[in-house]
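*Asks:* Got a structure for you, coords_24.pdb, holding PDB, C-alpha atoms.
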ATOM      1  CA  MET Z   1      74.493  73.126  83.196
ATOM      2  CA  ASN Z   2      76.220  71.099  80.482
ATOM      3  CA  GLY Z   3      79.062  68.745  81.193
ATOM      4  CA  THR Z   4      80.164  67.355  84.531
ATOM      5  CA  PRO Z   5      78.865  69.276  87.547
ATOM      6  CA  PRO Z   6      81.497  70.642  89.910
ATOM      7  CA  ILE Z   7      82.628  68.439  92.779
ATOM      8  CA  ILE Z   8      81.911  70.315  95.979
ATOM      9  CA  GLN Z   9      84.540  69.728  98.638
ATOM     10  CA  ILE Z  10      84.888  70.630 102.303
ATOM     11  CA  ILE Z  11      88.495  69.931 103.275
ATOM     12  CA  ALA Z  12      90.139  71.487 100.188
ATOM     13  CA  PRO Z  13      88.637  74.973 100.662
ATOM     14  CA  PHE Z  14      89.324  74.703 104.389
ATOM     15  CA  GLN Z  15      93.010  74.112 103.702
ATOM     16  CA  ALA Z  16      93.099  76.847 101.068
ATOM     17  CA  ALA Z  17      91.478  79.244 103.555
ATOM     18  CA  PHE Z  18      94.277  78.552 106.023
ATOM     19  CA  GLU Z  19      96.901  79.454 103.425
ATOM     20  CA  TRP Z  20      95.020  82.631 102.506
ATOM     21  CA  MET Z  21      94.777  83.602 106.171
ATOM     22  CA  LYS Z  22      98.538  83.215 106.603
ATOM     23  CA  ALA Z  23      99.257  85.282 103.504
ATOM     24  CA  MET Z  24      96.808  87.964 104.587
ATOM     25  CA  LEU Z  25      97.854  88.381 108.230
ATOM     26  CA  PHE Z  26     101.459  87.214 108.443
ATOM     27  CA  ARG Z  27     103.111  87.815 105.054
ATOM     28  CA  PRO Z  28     104.068  90.376 106.094
ATOM     29  CA  PHE Z  29     102.753  91.060 109.574
ATOM     30  CA  ASP Z  30     101.300  94.576 109.806
ATOM     31  CA  ILE Z  31      99.840  95.599 113.155
ATOM     32  CA  ALA Z  32      97.859  98.493 111.649
ATOM     33  CA  LYS Z  33      96.299  96.194 109.066
ATOM     34  CA  TRP Z  34      95.636  93.568 111.781
ATOM     35  CA  LEU Z  35      93.755  96.065 113.949
ATOM     36  CA  ALA Z  36      91.761  97.413 110.992
ATOM     37  CA  VAL Z  37      90.706  93.940 109.862
ATOM     38  CA  ALA Z  38      89.828  93.063 113.467
ATOM     39  CA  PHE Z  39      87.653  96.171 113.682
ATOM     40  CA  ALA Z  40      85.904  95.176 110.452
ATOM     41  CA  ALA Z  41      85.348  91.673 111.851
ATOM     42  CA  PHE Z  42      84.049  93.151 115.111
ATOM     43  CA  ILE Z  43      81.419  95.410 113.540
ATOM     44  CA  ALA Z  44      80.470  92.556 111.216
ATOM     45  CA  GLY Z  45      79.414  90.590 114.278
ATOM     46  CA  ASN Z  46      82.434  88.291 114.535
ATOM     47  CA  LEU Z  47      83.009  88.858 118.244
ATOM     48  CA  GLY Z  48      85.523  86.104 118.793
ATOM     49  CA  GLY Z  49      85.245  84.377 122.131
ATOM     50  CA  GLY Z  50      83.943  87.242 124.227
ATOM     51  CA  GLY Z  51      81.802  90.298 124.258
ATOM     52  CA  GLY Z  52      78.254  90.943 125.214
ATOM     53  CA  GLY Z  53      76.749  92.883 128.030
ATOM     54  CA  ASN Z  54      75.975  91.621 131.501
ATOM     55  CA  PHE Z  55      72.247  91.889 132.034
ATOM     56  CA  SER Z  56      72.129  89.743 135.156
ATOM     57  CA  ARG Z  57      71.415  92.788 137.337
ATOM     58  CA  LEU Z  58      68.119  93.410 135.586
ATOM     59  CA  GLY Z  59      66.711  90.547 137.603
ATOM     60  CA  ARG Z  60      67.382  92.458 140.835
ATOM     61  CA  LEU Z  61      64.906  95.273 140.206
ATOM     62  CA  GLY Z  62      62.601  93.855 142.832
ATOM     63  CA  GLN Z  63      65.239  93.779 145.584
ATOM     64  CA  GLY Z  64      66.700  96.327 147.982
ATOM     65  CA  ASP Z  65      64.728  99.520 148.571
ATOM     66  CA  TRP Z  66      62.607  99.240 145.398
ATOM     67  CA  LYS Z  67      58.907  99.802 146.136
ATOM     68  CA  TYR Z  68      58.009  96.688 144.264
ATOM     69  CA  ARG Z  69      55.704  93.998 145.624
ATOM     70  CA  SER Z  70      53.511  91.232 144.361
ATOM     71  CA  TYR Z  71      50.522  89.546 145.846
ATOM     72  CA  SER Z  72      48.024  86.941 144.777
ATOM     73  CA  HIS Z  73      44.439  87.830 143.943
ATOM     74  CA  GLY Z  74      42.556  84.658 143.297
ATOM     75  CA  ASN Z  75      44.657  82.498 140.985
ATOM     76  CA  LEU Z  76      46.034  85.348 138.874
ATOM     77  CA  PRO Z  77      49.247  87.213 139.732
ATOM     78  CA  HIS Z  78      48.881  90.946 140.271
ATOM     79  CA  TRP Z  79      51.803  93.350 140.224
ATOM     80  CA  ASP Z  80      51.808  96.716 141.944
ATOM     81  CA  ALA Z  81      54.807  98.875 141.052
ATOM     82  CA  THR Z  82      55.720 102.501 141.533
ATOM     83  CA  PRO Z  83      54.948 104.311 138.228
ATOM     84  CA  TRP Z  84      58.446 105.674 137.758
ATOM     85  CA  ILE Z  85      59.868 102.152 138.008
ATOM     86  CA  VAL Z  86      57.519 101.023 135.256
ATOM     87  CA  GLY Z  87      58.540 104.025 133.187
ATOM     88  CA  LEU Z  88      62.210 103.284 133.805
ATOM     89  CA  ILE Z  89      61.791  99.688 132.682
ATOM     90  CA  VAL Z  90      59.926 100.771 129.552
ATOM     91  CA  ALA Z  91      62.635 103.339 128.807
ATOM     92  CA  ILE Z  92      65.376 100.723 129.234
ATOM     93  CA  VAL Z  93      63.563  98.343 126.895
ATOM     94  CA  LEU Z  94      63.071 101.055 124.276
ATOM     95  CA  ILE Z  95      66.698 102.186 124.498
ATOM     96  CA  ALA Z  96      67.894  98.593 124.203
ATOM     97  CA  LEU Z  97      65.634  98.111 121.179
ATOM     98  CA  VAL Z  98      66.925 101.255 119.476
ATOM     99  CA  LEU Z  99      70.539 100.323 120.177
ATOM    100  CA  SER Z 100      69.890  96.825 118.824
ATOM    101  CA  VAL Z 101      68.487  98.224 115.583
ATOM    102  CA  ILE Z 102      71.422 100.615 115.236
ATOM    103  CA  TRP Z 103      73.850  97.750 115.825
ATOM    104  CA  MET Z 104      72.035  95.663 113.198
ATOM    105  CA  TRP Z 105      72.538  98.483 110.708
ATOM    106  CA  VAL Z 106      76.228  98.889 111.534
ATOM    107  CA  SER Z 107      76.755  95.124 111.473
ATOM    108  CA  ALA Z 108      75.043  94.825 108.077
ATOM    109  CA  ARG Z 109      77.473  97.357 106.602
ATOM    110  CA  GLY Z 110      80.330  95.736 108.512
ATOM    111  CA  LYS Z 111      79.748  92.359 106.895
ATOM    112  CA  PHE Z 112      80.566  93.845 103.495
ATOM    113  CA  ILE Z 113      83.582  95.690 104.894
ATOM    114  CA  PHE Z 114      84.983  92.491 106.399
ATOM    115  CA  THR Z 115      84.335  90.568 103.184
ATOM    116  CA  ASP Z 116      86.106  93.300 101.223
ATOM    117  CA  CYS Z 117      89.102  93.134 103.581
ATOM    118  CA  ILE Z 118      89.454  89.400 102.950
ATOM    119  CA  VAL Z 119      88.874  89.540  99.213
ATOM    120  CA  LYS Z 120      91.258  92.437  98.561
ATOM    121  CA  ASN Z 121      93.735  91.499 101.291
ATOM    122  CA  ARG Z 122      93.669  94.892 102.962
ATOM    123  CA  GLY Z 123      92.612  96.648 106.136
ATOM    124  CA  ALA Z 124      90.252  99.319 104.819
ATOM    125  CA  ILE Z 125      87.147 100.631 106.560
ATOM    126  CA  GLY Z 126      86.000 103.934 105.041
ATOM    127  CA  GLU Z 127      86.164 103.025 101.359
ATOM    128  CA  PRO Z 128      84.131  99.779 101.503
ATOM    129  CA  TRP Z 129      81.726 101.431 103.989
ATOM    130  CA  ARG Z 130      80.824 103.939 101.301
ATOM    131  CA  GLU Z 131      81.117 101.605  98.321
ATOM    132  CA  TYR Z 132      78.741  98.948  99.665
ATOM    133  CA  ARG Z 133      76.282 101.326 101.287
ATOM    134  CA  ARG Z 134      73.362 100.239  99.093
ATOM    135  CA  GLU Z 135      74.008  96.524  99.623
ATOM    136  CA  GLY Z 136      74.539  96.986 103.347
ATOM    137  CA  ASN Z 137      71.312  98.942 103.772
ATOM    138  CA  SER Z 138      69.411  96.371 101.731
ATOM    139  CA  TYR Z 139      70.757  93.565 103.906
ATOM    140  CA  PHE Z 140      69.855  95.531 107.052
ATOM    141  CA  LEU Z 141      66.255  96.163 105.966
ATOM    142  CA  PHE Z 142      65.842  92.534 104.939
ATOM    143  CA  SER Z 143      67.217  91.290 108.284
ATOM    144  CA  LEU Z 144      65.008  93.738 110.169
ATOM    145  CA  ALA Z 145      61.929  92.507 108.310
ATOM    146  CA  ILE Z 146      62.814  88.877 109.022
ATOM    147  CA  ALA Z 147      63.410  89.656 112.706
ATOM    148  CA  ALA Z 148      60.081  91.466 112.971
ATOM    149  CA  GLY Z 149      58.277  88.600 111.258
ATOM    150  CA  ALA Z 150      59.911  86.036 113.533
ATOM    151  CA  PHE Z 151      58.938  88.095 116.582
ATOM    152  CA  VAL Z 152      55.303  88.260 115.459
ATOM    153  CA  ILE Z 153      55.200  84.505 114.840
ATOM    154  CA  VAL Z 154      56.734  83.723 118.231
ATOM    155  CA  ALA Z 155      54.366  86.182 119.950
ATOM    156  CA  ILE Z 156      51.324  84.556 118.343
ATOM    157  CA  GLY Z 157      52.558  81.108 119.310
ATOM    158  CA  ALA Z 158      53.318  82.212 122.868
ATOM    159  CA  LEU Z 159      49.862  83.817 123.177
ATOM    160  CA  PHE Z 160      48.212  80.611 121.990
ATOM    161  CA  LEU Z 161      50.139  78.526 124.517
ATOM    162  CA  TRP Z 162      49.413  81.056 127.273
ATOM    163  CA  LEU Z 163      45.678  80.856 126.606
ATOM    164  CA  CYS Z 164      45.861  77.071 126.625
ATOM    165  CA  PHE Z 165      47.771  77.221 129.910
ATOM    166  CA  PHE Z 166      45.048  79.269 131.602
ATOM    167  CA  GLY Z 167      42.433  76.984 130.113
ATOM    168  CA  MET Z 168      43.924  73.910 131.773
ATOM    169  CA  ARG Z 169      44.371  75.341 135.285
ATOM    170  CA  ASP Z 170      41.357  73.478 136.649
ATOM    171  CA  ASP Z 171      42.250  70.244 134.856
ATOM    172  CA  PRO Z 172      46.044  70.023 134.370
ATOM    173  CA  SER Z 173      45.835  66.402 133.283
ATOM    174  CA  GLY Z 174      43.275  67.073 130.591
ATOM    175  CA  PRO Z 175      43.709  67.475 126.800
ATOM    176  CA  GLN Z 176      44.852  71.052 127.244
ATOM    177  CA  MET Z 177      48.111  69.832 128.751
ATOM    178  CA  VAL Z 178      48.694  67.616 125.733
ATOM    179  CA  ILE Z 179      48.015  70.561 123.437
ATOM    180  CA  VAL Z 180      50.464  72.761 125.333
ATOM    181  CA  VAL Z 181      53.219  70.130 125.322
ATOM    182  CA  ILE Z 182      52.758  69.385 121.628
ATOM    183  CA  GLY Z 183      52.594  73.099 120.872
ATOM    184  CA  VAL Z 184      55.855  73.780 122.694
ATOM    185  CA  ILE Z 185      57.604  70.938 120.870
ATOM    186  CA  VAL Z 186      56.271  72.018 117.473
ATOM    187  CA  LEU Z 187      57.215  75.665 118.058
ATOM    188  CA  ALA Z 188      60.692  74.667 119.203
ATOM    189  CA  LEU Z 189      61.243  72.467 116.140
ATOM    190  CA  ILE Z 190      59.930  75.148 113.784
ATOM    191  CA  TRP Z 191      62.141  77.742 115.417
ATOM    192  CA  ILE Z 192      65.243  75.528 115.180
ATOM    193  CA  VAL Z 193      64.619  74.720 111.511
ATOM    194  CA  PHE Z 194      63.925  78.375 110.717
ATOM    195  CA  ALA Z 195      66.988  79.589 112.627
ATOM    196  CA  VAL Z 196      69.329  77.087 110.968
ATOM    197  CA  PHE Z 197      67.946  77.658 107.484
ATOM    198  CA  PHE Z 198      67.946  81.429 107.703
ATOM    199  CA  GLY Z 199      71.347  81.390 109.396
ATOM    200  CA  VAL Z 200      72.874  79.422 106.523
ATOM    201  CA  VAL Z 201      71.111  81.434 103.815
ATOM    202  CA  SER Z 202      72.000  84.791 105.373
ATOM    203  CA  ALA Z 203      75.617  83.699 105.790
ATOM    204  CA  PHE Z 204      75.931  83.233 102.029
ATOM    205  CA  MET Z 205      73.772  86.204 101.055
ATOM    206  CA  VAL Z 206      76.620  88.645 101.705
ATOM    207  CA  PRO Z 207      79.075  86.948  99.285
ATOM    208  CA  VAL Z 208      76.369  86.832  96.615
ATOM    209  CA  MET Z 209      75.479  90.497  97.127
ATOM    210  CA  TYR Z 210      79.154  91.440  97.195
ATOM    211  CA  ARG Z 211      79.793  89.575  93.944
ATOM    212  CA  ARG Z 212      76.735  90.732  91.987
ATOM    213  CA  ARG Z 213      75.878  94.025  93.716
ATOM    214  CA  CYS Z 214      72.267  92.851  93.950
ATOM    215  CA  SER Z 215      69.543  93.364  96.556
ATOM    216  CA  ALA Z 216      69.091  91.213  99.651
ATOM    217  CA  ARG Z 217      65.854  89.752  98.296
ATOM    218  CA  GLU Z 218      67.534  88.599  95.092
ATOM    219  CA  ALA Z 219      70.428  87.106  97.044
ATOM    220  CA  PHE Z 220      68.072  85.320  99.432
ATOM    221  CA  VAL Z 221      66.106  83.710  96.610
ATOM    222  CA  ASP Z 222      69.293  82.692  94.795
ATOM    223  CA  VAL Z 223      70.971  81.158  97.854
ATOM    224  CA  ALA Z 224      67.768  79.397  98.921
ATOM    225  CA  LYS Z 225      67.507  77.802  95.471
ATOM    226  CA  LEU Z 226      71.189  76.874  95.539
ATOM    227  CA  ILE Z 227      70.758  75.115  98.888
ATOM    228  CA  SER Z 228      67.615  73.311  97.733
ATOM    229  CA  ARG Z 229      69.506  72.000  94.683
ATOM    230  CA  ASN Z 230      72.567  70.987  96.698
ATOM    231  CA  PRO Z 231      71.398  70.022 100.205
ATOM    232  CA  GLY Z 232      74.182  67.489 100.829
ATOM    233  CA  PRO Z 233      77.206  69.827 100.606
ATOM    234  CA  PHE Z 234      75.474  72.492 102.677
ATOM    235  CA  ILE Z 235      74.536  69.988 105.388
ATOM    236  CA  LEU Z 236      78.187  68.923 105.560
ATOM    237  CA  PHE Z 237      79.221  72.570 105.655
ATOM    238  CA  VAL Z 238      76.850  73.271 108.568
ATOM    239  CA  LEU Z 239      78.046  70.243 110.549
ATOM    240  CA  PHE Z 240      81.690  71.081 109.893
ATOM    241  CA  GLY Z 241      81.005  74.726 110.723
ATOM    242  CA  ILE Z 242      79.408  73.803 114.059
ATOM    243  CA  ALA Z 243      82.506  71.822 115.022
ATOM    244  CA  LEU Z 244      84.779  74.721 114.008
ATOM    245  CA  THR Z 245      82.634  77.246 115.882
ATOM    246  CA  LEU Z 246      82.775  75.149 119.051
ATOM    247  CA  ALA Z 247      86.552  74.974 118.680
ATOM    248  CA  VAL Z 248      86.758  78.774 118.403
ATOM    249  CA  VAL Z 249      84.513  79.162 121.456
ATOM    250  CA  VAL Z 250      86.761  76.848 123.457
ATOM    251  CA  LEU Z 251      89.822  78.721 122.222
ATOM    252  CA  GLY Z 252      88.225  82.058 123.100
ATOM    253  CA  THR Z 253      87.376  80.813 126.594
ATOM    254  CA  MET Z 254      90.966  79.680 127.108
ATOM    255  CA  VAL Z 255      92.296  83.035 125.917
ATOM    256  CA  ALA Z 256      89.917  84.866 128.259
ATOM    257  CA  CYS Z 257      91.030  82.745 131.218
ATOM    258  CA  LEU Z 258      94.734  83.123 130.441
ATOM    259  CA  THR Z 259      94.391  86.912 130.178
ATOM    260  CA  CYS Z 260      92.275  87.303 133.337
ATOM    261  CA  CYS Z 261      89.128  87.960 131.253
ATOM    262  CA  ILE Z 262      90.775  90.842 129.378
ATOM    263  CA  GLY Z 263      90.901  88.677 126.263
ATOM    264  CA  GLY Z 264      87.161  88.151 126.531
ATOM    265  CA  LEU Z 265      86.276  91.818 126.140
ATOM    266  CA  PRO Z 266      84.589  93.014 122.924
ATOM    267  CA  TYR Z 267      86.997  93.869 120.099
ATOM    268  CA  ILE Z 268      89.998  92.684 122.177
ATOM    269  CA  SER Z 269      88.790  89.104 121.787
ATOM    270  CA  THR Z 270      88.407  89.725 118.050
ATOM    271  CA  VAL Z 271      91.965  91.071 117.844
ATOM    272  CA  LEU Z 272      93.377  88.024 119.659
ATOM    273  CA  LEU Z 273      91.332  85.502 117.694
ATOM    274  CA  LEU Z 274      91.587  87.236 114.321
ATOM    275  CA  PRO Z 275      93.476  84.386 112.558
ATOM    276  CA  ALA Z 276      90.706  81.923 113.425
ATOM    277  CA  ILE Z 277      87.992  84.412 112.447
ATOM    278  CA  VAL Z 278      89.601  85.212 109.087
ATOM    279  CA  TRP Z 279      90.243  81.512 108.487
ATOM    280  CA  LEU Z 280      86.577  80.574 108.973
ATOM    281  CA  ALA Z 281      85.299  83.558 106.979
ATOM    282  CA  THR Z 282      87.605  82.735 104.069
ATOM    283  CA  PHE Z 283      86.534  79.093 104.251
ATOM    284  CA  LYS Z 284      82.926  80.181 103.700
ATOM    285  CA  LEU Z 285      83.876  82.301 100.692
ATOM    286  CA  LEU Z 286      85.931  79.498  99.156
ATOM    287  CA  PHE Z 287      83.201  76.947  99.795
ATOM    288  CA  ILE Z 288      80.504  78.828  97.879
ATOM    289  CA  ARG Z 289      83.052  79.752  95.206
ATOM    290  CA  GLN Z 290      82.949  76.119  94.074
ATOM    291  CA  PHE Z 291      79.408  76.521  92.708
ATOM    292  CA  GLY Z 292      80.461  78.745  89.833
ATOM    293  CA  ASP Z 293      81.898  82.077  88.783
ATOM    294  CA  GLN Z 294      78.719  83.884  89.842
ATOM    295  CA  TYR Z 295      79.599  82.980  93.444
ATOM    296  CA  ASP Z 296      83.303  83.859  93.232
ATOM    297  CA  VAL Z 297      83.858  87.018  95.270
ATOM    298  CA  TRP Z 298      87.438  87.294  94.014
ATOM    299  CA  ALA Z 299      86.090  87.981  90.527
ATOM    300  CA  ASN Z 300      85.248  91.501  91.785
ATOM    301  CA  ALA Z 301      88.818  92.332  92.805
ATOM    302  CA  ALA Z 302      89.887  95.499  90.970
ATOM    303  CA  GLN Z 303      93.557  94.553  91.156
ATOM    304  CA  PRO Z 304      94.490  90.893  90.791
ATOM    305  CA  THR Z 305      96.143  89.427  93.849
ATOM    306  CA  THR Z 306      97.478  85.990  94.663
ATOM    307  CA  LEU Z 307      94.167  84.194  94.822
ATOM    308  CA  PRO Z 308      93.598  80.999  96.818
ATOM    309  CA  PRO Z 309      93.658  77.913  94.615
ATOM    310  CA  SER Z 310      90.304  77.181  93.063
ATOM    311  CA  THR Z 311      88.700  73.961  94.257
ATOM    312  CA  ALA Z 312      85.938  73.831  91.655
ATOM    313  CA  ALA Z 313      86.041  71.078  89.072
ATOM    314  CA  PRO Z 314      85.744  72.119  85.450
ATOM    315  CA  ALA Z 315      82.190  72.169  84.209
TER     316      ALA Z 315
END
The structure in this file should be written as structure tokens.
*Replies:*
Amino acid sequence: MNGTPPIIQIIAPFQAAFEWMKAMLFRPFDIAKWLAVAFAAFIAGNLGGGGGGNFSRLGRLGQGDWKYRSYSHGNLPHWDATPWIVGLIVAIVLIALVLSVIWMWVSARGKFIFTDCIVKNRGAIGEPWREYRREGNSYFLFSLAIAAGAFVIVAIGALFLWLCFFGMRDDPSGPQMVIVVIGVIVLALIWIVFAVFFGVVSAFMVPVMYRRRCSAREAFVDVAKLISRNPGPFILFVLFGIALTLAVVVLGTMVACLTCCIGGLPYISTVLLLPAIVWLATFKLLFIRQFGDQYDVWANAAQPTTLPPSTAAPA
């Protein structure tokens, strides 16, 4: 790039995002639009301060009248369960897996719907669902492939540690223990680095795909290169984003307590916390907008609206 590179800021786009949120949700206030945008945020995975199922009862399968018992045979655990219980557990796992994949698909499409709602200042669901079908499906398949790859890597690592664990049973103070401890630490660090990196890259893939109508692979490569060229601003963005996310979690917890847990239910929590959710989502869009016109999602708007002030320095 010729000339002076743009000055990437954190506070300026954060302030501009607040103004855009006010204009979008309160000028004027429209309850139908509010609920539509909240629904788009919900299916995009922005669950506010609540949501999620309660799976604590799964741990009680071995209690009550279940014909489930365990006994020790040598040093290895042996489980003896009624066949229909095993089948039920397998069925539950398969159903949960299928529902998770379906939700990933819906959420992938929802991310583009929510982005479209913010960019075009509207509460539309059907039109962007159809318009960004190709991009949403591409993002879904890419995320599914990454999830499958991560699962395979974790499974291989867990199998390695499990074999080491059985190898050190007779000598727990031997070198095998050191290998297991080091292996756990290394796997944990790798997983944290991978999760943070992919989380940041995937967060900015949607704006890039929305702006350019490209595939998920192209967006991933582009965002990864952008981060590698500008690590400082993205590190600040992540740190600032963590603080903001914690603030939203605290706010969501307070809302849930004040509403007797009603405000913590899925979608309802998104409706109540929509200003904060839109604020943070707009902040992300305005942050990456500073890197050039190719990252400006508002450049795709069919009808010009009152855009947030640009924070990018002239190149």
*Asks:* Residues of segment 172-245 of chain Z that approach segment 276-290 of chain Z to 9 Å or less, counting all atoms listed in the file: could you list each one with the shortest pair of atoms and its distance in Å to one decimal, rows by chain and increasing residue number, as CSV?
*Replies:*
residue,atom,partner,partner_atom,distance
Z:Ala203,CA,Z:Lys284,CA,8.4
Z:Phe204,CA,Z:Ile288,CA,7.6
Z:Pro207,CA,Z:Leu285,CA,6.8
Z:Phe237,CA,Z:Phe287,CA,8.3
Z:Gly241,CA,Z:Leu280,CA,8.3
Z:Leu244,CA,Z:Leu280,CA,7.9
Z:Thr245,CA,Z:Leu280,CA,8.6
*Asks:* Mind pulling up the distance from atom CA of Val271 of chain Z to atom CA of Phe140 of chain Z?
*Replies:*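 Separation of atom CA of Phe140 of chain Z and atom CA of Val271 of chain Z: 25.0 Å.
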*Asks:* Given the point (86.7, 79.9, 118.3) in the file's coordinates, find the residues that have an atom at most 8 Å from it, counting all atoms listed in the file, and give them as a list in words.
*Replies:* Gly48, Gly49, Leu244, Thr245, Leu246, Ala247, Val248, Val249, Val250, Leu251, Gly252, Leu273, Ala276 and Ile277 of chain Z
*Asks:* Got a sec: who's within 12 Å of Ile262 of chain Z, counting all atoms listed in the file, leaving out chain neighbours fewer than 4 positions off, as a PyMOL selection string?
*Replies:* chain Z and resi 49-51+252-258+266-272
*Asks:* What gap, in Å, lies between atom CA of Ala23 of chain Z and atom CA of Val119 of chain Z?
*Replies:* 12.0 Å
*Asks:* Any idea what's packed within 8 Å of Arg211 of chain Z, counting only C-alpha atoms, ignoring anything in its chain fewer than 5 positions away? Could you give it as a PyMOL selection string?
*Replies:* chain Z and resi 294-300
*Asks:* Mind giving me the straight-line distance from atom CA of Phe142 of chain Z to atom CA of Arg217 of chain Z in Å, one decimal?
*Replies:*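 Interatomic distance here is 7.2 Å.
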*Asks:* Could you tell me which residues the PyMOL selection byres ((chain Z and resi 222) around 12) returns for this structure, as an NGL selection string?
*Replies:* :Z and (201-202 or 204-209 or 212 or 214-221 or 223-229 or 294-295)
*Asks:* Tell me, counting only C-alpha atoms, for each residue of segment 65-164 of chain Z within 9 Å of segment 30-34 of chain Z, which pair of atoms is nearest and how far apart they are in Å to one decimal, in rows ordered by chain and increasing number, as CSV.
*Replies:*
residue,atom,partner,partner_atom,distance
Z:Arg122,CA,Z:Lys33,CA,6.8
Z:Gly123,CA,Z:Lys33,CA,4.7
Z:Ala124,CA,Z:Lys33,CA,8.0
*Asks:* Can you report as lines of an AutoDock Vina configuration file the centre and edge lengths in Å, to one decimal, of an axis-aligned box around the listed atoms of segment 123-139 of chain Z padded with 3 Å on each side?
*Replies:*
center_x = 81.0
center_y = 98.8
center_z = 102.4
size_x = 29.2
size_y = 16.4
size_z = 14.2
*Asks:* Using the chain letters and residue numbers of this document, give as a list in words the residues selected by the PyMOL selection byres ((chain Z and resi 127-135) around 10).
*Replies:*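 Checked against the file, the PyMOL selection byres ((chain Z and resi 127-135) around 10) matches Ala40, Val106, Ala108, Arg109, Gly110, Lys111, Phe112, Ile113, Phe114, Thr115, Asp116, Cys117, Ala124, Ile125, Gly126, Gly136, Asn137, Ser138, Tyr139, Phe140, Val206, Met209, Tyr210, Arg212, Arg213, Cys214, Ser215 and Ala216 of chain Z.
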*Asks:* Taking only C-alpha atoms into account, which of Z:Ile85, Z:Met104, Z:Leu159, Z:Ala145 comes nearest Gly45 of chain Z?
*Replies:*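 Closest candidate: Z:Met104.
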*Asks:* Which residue gives the smallest distance to Ala41 of chain Z among Z:Ala150, Z:Ala12, Z:Leu236, Z:Ile118, with only C-alpha atoms counted?
*Replies:* Z:Ile118
*Asks:* Run through the PyMOL selection byres ((chain Z and resi 154) around 12) on the given coordinates and return the selected residues as a list in words.
*Replies:*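 When the PyMOL selection byres ((chain Z and resi 154) around 12) is applied to the shown file, the picked residues are Ala147, Ala148, Gly149, Ala150, Phe151, Val152, Ile153, Ala155, Ile156, Gly157, Ala158, Leu159, Phe160, Leu161, Trp162, Gly183, Val184, Val186, Leu187, Ala188, Ile190, Trp191 and Phe194 of chain Z.
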*Asks:* Compare Z:Leu144, Z:Ile11, Z:Ala91, Z:Ser107 by their minimum atom-to-atom distance to Asn46 of chain Z, counting all atoms listed in the file, and give me the closest one.
*Replies:*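 Ranking Z:Leu144, Z:Ile11, Z:Ala91, Z:Ser107 by distance to Asn46 of chain Z, first place goes to Z:Ser107.
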*Asks:* I need the residue nearest Ile146 of chain Z from this list: Z:Val98, Z:Ile192, Z:Val86, Z:Gly199. Use all atoms listed in the file for the distance.
*Replies:*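 Checking each candidate against Ile146 of chain Z, we get Z:Gly199 as the closest.
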*Asks:* So, with only C-alpha atoms as the atoms that count, which of Z:Ala36, Z:Ile242, Z:Val181, Z:Val101 lies closest to Val196 of chain Z?
*Replies:*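 Smallest separation from Val196 of chain Z among the options: Z:Ile242.
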*Asks:* Between Z:Leu99, Z:Ala17, Z:Ala44, Z:Ile10, which is the closest to Val238 of chain Z once you count all atoms listed in the file?
*Replies:*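 Under the stated criterion, the closest residue is Z:Ile10.
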